[in-house]
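A short worksheet on the structure shown next.
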Amino acid sequence: MSNDEIKIEHDLFKVIHDRRSIRKFLDKEVSDEVIDKILSAGIRAPFAYQSCSIVYTRDKEKMKKLRMFPTTKLYMVFFIDFNRMEKIIKQRNYKYDFDDSLLLWMGVQDVSLVVENVILSADALGLGSVLLGGAPFQVDKITEIFKVPRKTFPVVSMCLGYPDPEHKMQIRPRYPLKLTASEDKYNDLSDDEIKECMRAMDEGYITQGYYIKLGAKIPLNKGKDEIDMDKYSWSEHISRKITQGAWYEETLLNLLRKQGFKLD
Ligand SMILES: Cc1cc2nc3c(=O)[nH]c(=O)nc-3n(C[C@H](O)[C@H](O)[C@H](O)COP(=O)(O)O)c2cc1C
């Protein structure tokens, strides 16, 4: 694709407000030039330690092994990378001595900022994306497939491609701004305000038929499920997700330790 074929949406607020997660993509390749543009914008994010590394692939076989959305054209993994930092420190003849939990905290901050830049830049170029929060629990597969060294850990991964217009996604609701941001003092929400937050999310998701289209609820561990699919809401979903025990066999801390992070 030549430079002048890349269409760019320059209105930042339009890009932000029109964005939605995309999970079905056209059979159209993402060019080197587009990838370069997106990633160059990604790494312009502010940083604490420049601790974000990115590995991307257009290889369908690799994506299949990681069970990505099947129509994904480009897949990226965003890592906290202190392998590189250790090497810099070594070049300067220092010995690594730091609280790894602090590094991790800073690392997540660094990675998150890069990720959002990538998402918005991709959207501005006509692509769509969806994040996958399960990447930490695929660490073994990811490190094997991409030859990732110790002191490097996948925070999140992302599927990208040109959105399939046949599967137009709707804009998902958010809590009301007035109940999310406050001036001068933290807004400790009242019961009624919590209900307002829940209403904004639940009515939005139910009206859009989100879980009906998804065709799945989180099953209850105990008791009879009294909620029909058309009443199954976002706050019900998130409550089931958080109260029914861990989803993964291994804890995140264990996985981090295995990747060489010292967390005592
Ligand atoms: C850290 C993170 C992890 C996510 N993981 C997943 C995922 O595993 N699968 C998925 O379909 N969407 C995932 N999402 C996308 C969210 O479901 C989506 O952003 C949210 O429902 C709001 O919808 P929107 O992005 O269309 O506004 C993730 C989003 C974030 C920020």
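Chain identifiers are assigned as A, B, and so on, following the order in which chains appear in the structure tokens; residues are numbered from 1 within each chain, and ligands are numbered from 1 in order of appearance.
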
task = Assign secondary structure with DSSP using the backbone only, and return the residues of region 176-210 of chain A in helix (DSSP H, G or I) as a list in words.
result = Leu177, Lys178, Leu179, Asp191, Asp192, Glu193, Ile194, Lys195, Glu196, Cys197, Met198, Arg199, Ala200, Met201, Asp202, Glu203, Gly204, Tyr205, Ile206, Thr207 and Tyr210 of chain A

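With a cut-off of 9 Å and using only C-alpha atoms and all ligand atoms, the polymer residues contacting ligand 1 are Arg19, Arg20, Ser21, Ile22, Arg23, Phe69, Ser112, Ser129, Val130, Leu131, Leu132, Gly133, Gly134, Ala135, Val155, Val156, Ser157, Met158, Met169, Gln170, Ile171, Arg172, Pro173 and Arg174 of chain A.
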
Show me, as CSV, the residues of region 142-232 of chain A having an atom within 10 Å of region 76-92 of chain A, each with the closest atom pair and its distance in Å, using only C-alpha atoms.
```
residue,atom,partner,partner_atom,distance
A:Ile142,CA,A:Val77,CA,8.5
A:Phe146,CA,A:Val77,CA,9.6
A:Val148,CA,A:Phe79,CA,9.5
A:Pro149,CA,A:Asn83,CA,7.1
A:Arg150,CA,A:Asn83,CA,6.6
A:Lys151,CA,A:Asn83,CA,5.1
A:Thr152,CA,A:Asp81,CA,4.4
A:Phe153,CA,A:Phe79,CA,5.1
A:Pro154,CA,A:Phe79,CA,4.3
A:Val155,CA,A:Phe79,CA,5.5
A:Val156,CA,A:Phe78,CA,5.6
A:Ser157,CA,A:Val77,CA,4.2
A:Met158,CA,A:Met76,CA,5.1
A:Cys159,CA,A:Met76,CA,6.7
A:Leu160,CA,A:Met76,CA,8.0
```

message = Can you pull out every residue from region 48-161 of chain A that DSSP, working from the backbone, puts in strand (DSSP E), and format the result as a list of chain:residue names?
response =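 Listing strand (DSSP E) positions across region 48-161 of chain A yields A:Cys52, A:Ser53, A:Ile54, A:Val55, A:Tyr56, A:Thr57, A:Leu74, A:Tyr75, A:Met76, A:Val77, A:Phe78, A:Phe79, A:Ile80, A:Asp81, A:Gly128, A:Ser129, A:Val130, A:Leu131, A:Leu132, A:Thr152, A:Phe153, A:Pro154, A:Val155, A:Val156, A:Ser157, A:Met158, A:Cys159, A:Leu160, A:Gly161.
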
query = Separation of CA of Asp27 (chain A) and CA of Gly128 (chain A), in Å?
reply =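 Calculated distance between CA of Asp27 (chain A) and CA of Gly128 (chain A) is 13.0 Å.
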
query = With only C-alpha atoms as the atoms that count, which of A:Asn93, A:Tyr205, A:Phe137, A:His167 lies nearest to Trp247 (chain A)?
reply =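 Distance minimum relative to Trp247 (chain A) lands on A:Phe137.
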
message = So that I can check the surroundings of region 44-48 of chain A, please list as an MDAnalysis selection string every protein, DNA and RNA residue that reaches within 8 Å of it, counting only C-alpha atoms and ignoring chain neighbours fewer than 4 positions away.
response = chainID A and resid 40 106:107 109:110 113:114 117

Put those residues in a file: all heavy atoms, as a JSON list (two decimals), in the first residue's frame.
```
[["chain", "number", "residue", "atom", "x", "y", "z"],
["A", 40, "SER", "N", 4.75, 3.30, 15.77],
["A", 40, "SER", "CA", 5.52, 4.53, 16.02],
["A", 40, "SER", "C", 4.72, 5.46, 16.92],
["A", 40, "SER", "O", 5.26, 6.11, 17.82],
["A", 40, "SER", "CB", 5.85, 5.27, 14.74],
["A", 40, "SER", "OG", 6.46, 4.43, 13.83],
["A", 106, "MET", "N", 5.04, 0.02, 37.59],
["A", 106, "MET", "CA", 5.44, 1.02, 36.59],
["A", 106, "MET", "C", 5.29, 0.43, 35.18],
["A", 106, "MET", "O", 4.91, 1.12, 34.24],
["A", 106, "MET", "CB", 6.91, 1.42, 36.75],
["A", 106, "MET", "CG", 7.26, 1.95, 38.12],
["A", 106, "MET", "SD", 6.46, 3.53, 38.38],
["A", 106, "MET", "CE", 7.18, 3.98, 39.94],
["A", 107, "GLY", "N", 5.62, -0.85, 35.08],
["A", 107, "GLY", "CA", 5.56, -1.52, 33.78],
["A", 107, "GLY", "C", 4.14, -1.54, 33.24],
["A", 107, "GLY", "O", 3.91, -1.27, 32.06],
["A", 109, "GLN", "N", 1.84, 0.51, 33.94],
["A", 109, "GLN", "CA", 1.51, 1.89, 33.54],
["A", 109, "GLN", "C", 2.10, 2.19, 32.16],
["A", 109, "GLN", "O", 1.41, 2.70, 31.26],
["A", 109, "GLN", "CB", 2.06, 2.89, 34.58],
["A", 109, "GLN", "CG", 1.36, 2.77, 35.92],
["A", 109, "GLN", "CD", 2.05, 3.57, 37.02],
["A", 109, "GLN", "OE1", 3.19, 4.00, 36.88],
["A", 109, "GLN", "NE2", 1.37, 3.75, 38.12],
["A", 110, "ASP", "N", 3.38, 1.86, 31.97],
["A", 110, "ASP", "CA", 4.03, 2.11, 30.67],
["A", 110, "ASP", "C", 3.29, 1.38, 29.54],
["A", 110, "ASP", "O", 2.99, 1.96, 28.50],
["A", 110, "ASP", "CB", 5.49, 1.60, 30.68],
["A", 110, "ASP", "CG", 6.46, 2.60, 31.32],
["A", 110, "ASP", "OD1", 6.02, 3.72, 31.67],
["A", 110, "ASP", "OD2", 7.64, 2.26, 31.48],
["A", 113, "LEU", "N", -0.23, 2.80, 28.50],
["A", 113, "LEU", "CA", -0.22, 4.04, 27.71],
["A", 113, "LEU", "C", 0.11, 3.74, 26.25],
["A", 113, "LEU", "O", -0.48, 4.31, 25.33],
["A", 113, "LEU", "CB", 0.77, 5.03, 28.32],
["A", 113, "LEU", "CG", 0.33, 5.53, 29.70],
["A", 113, "LEU", "CD1", 1.47, 6.20, 30.44],
["A", 113, "LEU", "CD2", -0.85, 6.48, 29.58],
["A", 114, "VAL", "N", 1.06, 2.84, 26.04],
["A", 114, "VAL", "CA", 1.41, 2.45, 24.66],
["A", 114, "VAL", "C", 0.19, 1.80, 23.98],
["A", 114, "VAL", "O", -0.14, 2.11, 22.84],
["A", 114, "VAL", "CB", 2.62, 1.47, 24.66],
["A", 114, "VAL", "CG1", 2.85, 0.89, 23.27],
["A", 114, "VAL", "CG2", 3.88, 2.16, 25.17],
["A", 117, "ASN", "N", -2.43, 4.28, 22.82],
["A", 117, "ASN", "CA", -1.96, 4.98, 21.60],
["A", 117, "ASN", "C", -2.12, 4.09, 20.37],
["A", 117, "ASN", "O", -2.52, 4.55, 19.31],
["A", 117, "ASN", "CB", -0.48, 5.36, 21.74],
["A", 117, "ASN", "CG", -0.29, 6.75, 22.31],
["A", 117, "ASN", "OD1", -1.21, 7.31, 22.87],
["A", 117, "ASN", "ND2", 0.92, 7.28, 22.19]]
```

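Shortest atom-to-atom contact with Ile16 (chain A) among A:Val111, A:Leu263, A:Val55, A:Ala122: A:Ala122, counting only C-alpha atoms.
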
message = Here is a test: counting only C-alpha atoms, which residue of A:Lys73, A:Lys62, A:Arg67, A:Lys195 is nearest to Lys28 (chain A)?
response =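 For Lys28 (chain A), the nearest of the given residues is A:Lys73.
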
query = Using only C-alpha atoms, which of A:Met229, A:Asp202, A:Leu189, A:Gln138 sits nearest Leu255 (chain A)?
reply =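 Of A:Met229, A:Asp202, A:Leu189, A:Gln138, the one nearest Leu255 (chain A) is A:Gln138, counting only C-alpha atoms.
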
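The space separating CA of Lys185 (chain A) from CA of Ile242 (chain A) comes to 27.9 Å.
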
request  = Quick one: pull the distance between CA of Leu12 (chain A) and CA of Ser121 (chain A), Å, one decimal.
outcome  = 9.4 Å

Selection: 12 Å around Ser239 (chain A), only C-alpha atoms, excl. self and same-chain fewer than 4 positions, as a PyMOL selection string = chain A and resi 198+217-220+232-235+243-245

Preceding selection exported with N, CA, C and O atoms as a short mmCIF file (atom, residue, chain, number, x, y, z; two decimals), in the first residue's frame:
```
data_model
loop_
_atom_site.label_atom_id
_atom_site.label_comp_id
_atom_site.auth_asym_id
_atom_site.auth_seq_id
_atom_site.Cartn_x
_atom_site.Cartn_y
_atom_site.Cartn_z
N MET A 198 -25.30 1.33 37.64
CA MET A 198 -25.73 0.00 37.17
C MET A 198 -26.75 0.14 36.05
O MET A 198 -26.70 -0.57 35.05
N LYS A 217 -23.97 -16.92 29.20
CA LYS A 217 -23.92 -16.30 30.53
C LYS A 217 -22.81 -16.98 31.29
O LYS A 217 -22.42 -18.10 30.92
N ILE A 218 -22.36 -16.38 32.38
CA ILE A 218 -21.45 -17.12 33.26
C ILE A 218 -22.33 -18.01 34.14
O ILE A 218 -23.23 -17.50 34.83
N PRO A 219 -22.12 -19.34 34.10
CA PRO A 219 -22.98 -20.20 34.91
C PRO A 219 -22.73 -19.98 36.40
O PRO A 219 -21.62 -19.64 36.80
N LEU A 220 -23.78 -20.18 37.19
CA LEU A 220 -23.63 -20.05 38.64
C LEU A 220 -22.96 -21.29 39.21
O LEU A 220 -23.29 -22.41 38.80
N TYR A 232 -30.39 -10.79 31.62
CA TYR A 232 -29.00 -10.96 32.08
C TYR A 232 -28.23 -9.68 31.71
O TYR A 232 -28.15 -9.30 30.55
N SER A 233 -27.69 -9.02 32.74
CA SER A 233 -27.16 -7.67 32.54
C SER A 233 -25.65 -7.61 32.79
O SER A 233 -25.05 -8.57 33.28
N TRP A 234 -25.08 -6.47 32.49
CA TRP A 234 -23.64 -6.28 32.67
C TRP A 234 -23.26 -6.42 34.16
O TRP A 234 -22.27 -7.07 34.49
N SER A 235 -24.07 -5.79 35.04
CA SER A 235 -23.68 -5.84 36.46
C SER A 235 -23.83 -7.25 37.03
O SER A 235 -23.08 -7.66 37.91
N THR A 243 -17.14 -12.98 41.79
CA THR A 243 -17.45 -13.62 43.07
C THR A 243 -17.39 -15.14 43.05
O THR A 243 -17.64 -15.77 44.08
N GLN A 244 -17.10 -15.70 41.90
CA GLN A 244 -17.18 -17.17 41.84
C GLN A 244 -15.83 -17.87 41.76
O GLN A 244 -15.71 -18.94 41.17
N GLY A 245 -14.84 -17.20 42.33
CA GLY A 245 -13.51 -17.83 42.40
C GLY A 245 -12.68 -17.58 41.17
O GLY A 245 -13.17 -17.09 40.15
#
```
